[in-house]
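Peer 1: For reference, the file target_7.cif (mmCIF, C-alpha atoms) is included below:
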data_model
#
loop_
_atom_site.group_PDB
_atom_site.id
_atom_site.type_symbol
_atom_site.label_atom_id
_atom_site.label_comp_id
_atom_site.auth_asym_id
_atom_site.auth_seq_id
_atom_site.Cartn_x
_atom_site.Cartn_y
_atom_site.Cartn_z
ATOM 1 C CA MET A 84 -7.584 -12.676 -16.384
ATOM 2 C CA LYS A 85 -9.338 -9.413 -17.063
ATOM 3 C CA VAL A 86 -9.950 -7.245 -14.025
ATOM 4 C CA LYS A 87 -12.878 -4.851 -14.066
ATOM 5 C CA PHE A 88 -12.769 -1.592 -12.169
ATOM 6 C CA PRO A 89 -15.291 1.236 -11.976
ATOM 7 C CA LEU A 90 -14.757 4.239 -14.227
ATOM 8 C CA ALA A 91 -14.310 6.425 -11.146
ATOM 9 C CA THR A 92 -11.298 4.335 -10.087
ATOM 10 C CA PHE A 93 -9.740 4.792 -13.523
ATOM 11 C CA LEU A 94 -10.295 8.550 -13.359
ATOM 12 C CA LEU A 95 -8.834 8.656 -9.848
ATOM 13 C CA LEU A 96 -5.797 6.870 -11.244
ATOM 14 C CA ILE A 97 -5.238 9.609 -13.763
ATOM 15 C CA LEU A 98 -5.666 12.335 -11.160
ATOM 16 C CA THR A 99 -3.239 10.774 -8.653
ATOM 17 C CA ALA A 100 -0.390 9.785 -10.930
ATOM 18 C CA SER A 101 2.116 12.218 -9.447
ATOM 19 C CA CYS A 102 3.455 12.885 -5.960
ATOM 20 C CA SER A 103 4.495 16.105 -4.336
ATOM 21 C CA GLN A 104 7.117 14.716 -1.942
ATOM 22 C CA THR A 105 10.214 12.687 -2.690
ATOM 23 C CA ASP A 106 10.105 10.514 0.439
ATOM 24 C CA ILE A 107 6.634 9.152 -0.252
ATOM 25 C CA GLN A 108 4.938 7.907 -3.351
ATOM 26 C CA GLU A 109 1.454 6.713 -4.140
ATOM 27 C CA GLU A 110 -0.073 5.401 -7.267
ATOM 28 C CA GLN A 111 -3.310 3.727 -8.123
ATOM 29 C CA SER A 112 -3.477 1.214 -10.875
ATOM 30 C CA LEU A 113 -5.519 -1.701 -12.065
ATOM 31 C CA PHE A 114 -2.972 -4.516 -11.712
ATOM 32 C CA THR A 115 0.285 -5.352 -9.792
ATOM 33 C CA GLU A 116 3.557 -7.338 -9.517
ATOM 34 C CA ASP A 117 3.899 -10.972 -8.434
ATOM 35 C CA ASN A 118 6.619 -11.389 -5.805
ATOM 36 C CA GLN A 119 6.997 -15.180 -6.087
ATOM 37 C CA GLN A 120 10.732 -15.126 -5.319
ATOM 38 C CA ILE A 121 10.233 -14.247 -1.650
ATOM 39 C CA THR A 122 6.837 -15.789 -0.935
ATOM 40 C CA GLU A 123 8.342 -18.568 1.170
ATOM 41 C CA GLU A 124 10.204 -16.080 3.401
ATOM 42 C CA VAL A 125 7.110 -14.078 4.357
ATOM 43 C CA SER A 126 5.122 -14.386 7.545
ATOM 44 C CA LEU A 127 1.416 -13.558 7.424
ATOM 45 C CA THR A 128 1.506 -11.932 10.847
ATOM 46 C CA ALA A 129 1.707 -8.162 11.022
ATOM 47 C CA THR A 130 4.227 -6.750 13.458
ATOM 48 C CA ALA A 131 3.151 -4.536 16.335
ATOM 49 C CA PHE A 132 4.599 -1.559 14.440
ATOM 50 C CA GLU A 133 2.625 -2.395 11.274
ATOM 51 C CA ASN A 134 -0.514 -2.638 13.410
ATOM 52 C CA GLU A 135 0.302 0.852 14.777
ATOM 53 C CA VAL A 136 0.438 2.246 11.236
ATOM 54 C CA LEU A 137 -2.882 0.638 10.332
ATOM 55 C CA ALA A 138 -4.390 1.923 13.605
ATOM 56 C CA ALA A 139 -3.203 5.464 12.772
ATOM 57 C CA VAL A 140 -4.750 5.201 9.297
ATOM 58 C CA ASN A 141 -7.972 3.891 10.845
ATOM 59 C CA ASP A 142 -8.020 6.657 13.466
ATOM 60 C CA TYR A 143 -7.854 9.198 10.661
ATOM 61 C CA ARG A 144 -10.539 7.377 8.636
ATOM 62 C CA ALA A 145 -12.836 7.289 11.695
ATOM 63 C CA SER A 146 -12.297 11.038 12.207
ATOM 64 C CA GLN A 147 -13.587 11.520 8.656
ATOM 65 C CA ASN A 148 -16.629 9.280 9.275
ATOM 66 C CA LEU A 149 -15.183 6.581 7.010
ATOM 67 C CA ASN A 150 -15.224 2.854 7.693
ATOM 68 C CA THR A 151 -12.137 1.424 9.335
ATOM 69 C CA LEU A 152 -10.011 -0.956 7.305
ATOM 70 C CA GLN A 153 -9.634 -4.576 8.284
ATOM 71 C CA PHE A 154 -6.167 -6.083 8.167
ATOM 72 C CA GLY A 155 -6.042 -8.054 4.922
ATOM 73 C CA ASN A 156 -3.666 -10.971 5.229
ATOM 74 C CA GLU A 157 -4.338 -11.926 1.583
ATOM 75 C CA ALA A 158 -2.261 -8.950 0.418
ATOM 76 C CA TYR A 159 0.407 -9.090 3.119
ATOM 77 C CA ILE A 160 2.784 -11.203 1.017
ATOM 78 C CA ASP A 161 2.402 -8.743 -1.858
ATOM 79 C CA ALA A 162 3.143 -5.763 0.404
ATOM 80 C CA GLU A 163 6.097 -7.586 1.973
ATOM 81 C CA GLY A 164 7.490 -8.558 -1.405
ATOM 82 C CA HIS A 165 7.366 -4.998 -2.657
ATOM 83 C CA THR A 166 8.913 -3.585 0.512
ATOM 84 C CA MET A 167 11.818 -6.027 0.183
ATOM 85 C CA TYR A 168 12.111 -5.155 -3.512
ATOM 86 C CA MET A 169 12.442 -1.445 -2.670
ATOM 87 C CA ILE A 170 15.083 -2.227 -0.039
ATOM 88 C CA ASN A 171 17.043 -4.334 -2.526
ATOM 89 C CA GLU A 172 16.798 -1.561 -5.144
ATOM 90 C CA GLY A 173 17.569 1.162 -2.576
ATOM 91 C CA LYS A 174 14.702 3.372 -3.751
ATOM 92 C CA LEU A 175 10.998 4.014 -3.532
ATOM 93 C CA SER A 176 8.966 2.713 -6.411
ATOM 94 C CA HIS A 177 5.681 1.329 -7.613
ATOM 95 C CA ASP A 178 7.515 -0.992 -9.990
ATOM 96 C CA ASN A 179 5.321 -3.915 -11.027
ATOM 97 C CA PHE A 180 2.254 -2.509 -9.267
ATOM 98 C CA ASN A 181 0.035 -3.954 -11.985
ATOM 99 C CA ALA A 182 1.160 -7.488 -11.146
ATOM 100 C CA ARG A 183 0.604 -6.892 -7.378
ATOM 101 C CA ALA A 184 -2.866 -5.449 -7.957
ATOM 102 C CA ALA A 185 -3.829 -8.317 -10.268
ATOM 103 C CA ASN A 186 -2.588 -10.826 -7.695
ATOM 104 C CA VAL A 187 -4.509 -9.158 -4.857
ATOM 105 C CA SER A 188 -7.602 -8.876 -7.026
ATOM 106 C CA GLU A 189 -7.408 -12.528 -8.017
ATOM 107 C CA LYS A 190 -7.001 -13.689 -4.389
ATOM 108 C CA THR A 191 -9.708 -11.432 -2.939
ATOM 109 C CA ASN A 192 -12.055 -10.602 -5.826
ATOM 110 C CA ALA A 193 -11.202 -6.983 -5.065
ATOM 111 C CA ALA A 194 -13.120 -4.326 -6.949
ATOM 112 C CA ALA A 195 -10.251 -1.838 -6.535
ATOM 113 C CA VAL A 196 -6.619 -1.909 -5.398
ATOM 114 C CA ALA A 197 -4.266 0.969 -4.543
ATOM 115 C CA GLU A 198 -1.005 1.443 -2.692
ATOM 116 C CA ASN A 199 1.020 3.995 -0.787
ATOM 117 C CA VAL A 200 4.769 3.597 -0.257
ATOM 118 C CA ALA A 201 7.186 5.547 1.908
ATOM 119 C CA LYS A 202 10.658 5.571 3.429
ATOM 120 C CA ASN A 203 12.631 7.505 6.043
ATOM 121 C CA TYR A 204 9.886 7.763 8.684
ATOM 122 C CA SER A 205 10.626 6.240 12.091
ATOM 123 C CA THR A 206 7.164 6.266 13.678
ATOM 124 C CA ALA A 207 3.670 5.288 12.613
ATOM 125 C CA GLU A 208 2.498 8.841 13.272
ATOM 126 C CA GLU A 209 5.228 10.328 11.037
ATOM 127 C CA VAL A 210 4.489 8.143 8.021
ATOM 128 C CA VAL A 211 0.719 8.605 8.254
ATOM 129 C CA THR A 212 1.114 12.365 8.783
ATOM 130 C CA ALA A 213 3.312 12.544 5.666
ATOM 131 C CA TRP A 214 0.779 10.588 3.608
ATOM 132 C CA LEU A 215 -2.044 12.830 4.831
ATOM 133 C CA ALA A 216 -0.060 15.958 3.892
ATOM 134 C CA SER A 217 -0.040 14.785 0.272
ATOM 135 C CA PRO A 218 -3.407 15.150 -1.500
ATOM 136 C CA SER A 219 -2.941 12.012 -3.614
ATOM 137 C CA HIS A 220 -1.886 9.883 -0.637
ATOM 138 C CA ARG A 221 -4.696 11.266 1.497
ATOM 139 C CA SER A 222 -7.120 10.437 -1.320
ATOM 140 C CA THR A 223 -5.961 6.828 -1.211
ATOM 141 C CA ILE A 224 -6.280 6.680 2.582
ATOM 142 C CA GLU A 225 -9.785 8.150 2.295
ATOM 143 C CA GLY A 226 -10.688 5.829 -0.587
ATOM 144 C CA ASP A 227 -13.575 3.398 -0.767
ATOM 145 C CA PHE A 228 -11.666 0.402 0.579
ATOM 146 C CA THR A 229 -12.467 -2.315 3.117
ATOM 147 C CA HIS A 230 -9.067 -3.922 3.757
ATOM 148 C CA SER A 231 -5.410 -3.002 3.982
ATOM 149 C CA SER A 232 -2.085 -4.761 4.386
ATOM 150 C CA ILE A 233 1.010 -2.891 5.436
ATOM 151 C CA THR A 234 4.609 -3.886 5.826
ATOM 152 C CA ALA A 235 7.448 -1.860 7.299
ATOM 153 C CA ARG A 236 10.981 -3.205 7.033
ATOM 154 C CA GLU A 237 14.377 -1.793 7.912
ATOM 155 C CA ALA A 238 17.190 -1.741 5.367
ATOM 156 C CA GLN A 239 20.756 -2.468 6.487
ATOM 157 C CA ASP A 240 21.441 1.260 6.717
ATOM 158 C CA GLY A 241 18.523 1.687 9.168
ATOM 159 C CA THR A 242 16.110 3.253 6.673
ATOM 160 C CA LEU A 243 12.522 2.098 7.089
ATOM 161 C CA TYR A 244 10.560 1.266 3.929
ATOM 162 C CA TYR A 245 6.777 0.933 3.837
ATOM 163 C CA THR A 246 4.216 -0.549 1.464
ATOM 164 C CA GLN A 247 0.516 -0.234 2.234
ATOM 165 C CA ILE A 248 -1.930 -1.952 -0.091
ATOM 166 C CA PHE A 249 -5.592 -0.956 0.037
ATOM 167 C CA TYR A 250 -8.388 -3.005 -1.500
ATOM 168 C CA LYS A 251 -12.129 -3.295 -1.556
ATOM 169 C CA LYS A 252 -13.776 -6.692 -1.284
#
Kindly transcribe the structure held in the file into structure tokens.
Peer 2:
Amino acid sequence: MKVKFPLATFLLLILTASCSQTDIQEEQSLFTEDNQQITEEVSLTATAFENEVLAAVNDYRASQNLNTLQFGNEAYIDAEGHTMYMINEGKLSHDNFNARAANVSEKTNAAAVAENVAKNYSTAEEVVTAWLASPSHRSTIEGDFTHSSITAREAQDGTLYYTQIFYKK
């Protein structure tokens, strides 16, 4: 399936390809990974903590006169799958983002898909503050999106890993 995205999204991709901090990463792309191997293990209900992170993102968006993002359960499995992948690998990554983005786009008819990832932040405020301190992450948070799914999971060593997928229906 061919996914069409506006030229501006492609240009934004090029401009946001690198990150300035090692504990957080963000990348925009046109397609993403398919996490079939864990689909059956995933709940479609966000935790209270995940809702806190989305609320913090939405508080910031509202302060910038941007629309708030609706929780997008269609992408929750994709965010969960990638968070578990990062935990299993023991590192932050955007590995297979193209497959995730394509999957989200196919399920939602999304016009654009992006993601932020992070680790080592223990509160919703800390992770959102870190993302906002990075111009490329802030650009994603401020992007022209309508929905977001976020997962936060703890590795065995206590490290929290995050994946937030943004998309526009």
Peer 1: Residues picked by the PyMOL selection byres ((chain A and resi 231) around 6) here, as a PyMOL selection string?
Peer 2: chain A and resi 154-155+230+232+248-249
Peer 1: Care to translate the PyMOL selection byres ((chain A and resi 213) around 9) into actual residues of this file, as a PyMOL selection string?
Peer 2: chain A and resi 104+106-107+201+204+208-212+214-217+220
Peer 1: Can you list, as a ChimeraX atom specification, the residues that the PyMOL selection byres ((chain A and resi 187) around 12) selects here?
Peer 2: /A:86,113-118,155-162,180-186,188-198,230-232,248-252
Peer 1: To one decimal place in Å, what is the distance between atom CA of A:Asn148 and atom CA of A:Glu135?
Peer 2: 19.7 Å
Peer 1: Between atom CA of A:Val136 and atom CA of A:Lys202, what is the distance, to one decimal in Å?
Peer 2: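 We find that atom CA of A:Val136 and atom CA of A:Lys202 lie 13.3 Å from each other.
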Peer 1: Tell me, in Å to one decimal, how far atom CA of A:Ser146 is from atom CA of A:Leu243.
Peer 2: 26.9 Å
Peer 1: Just the residues within 12 Å of A:Ala207, please, counting only C-alpha atoms, with nothing from its chain fewer than 6 positions along; format it as a PyMOL selection string.
Peer 2: chain A and resi 131-142+201+213-214+233-235+243-245
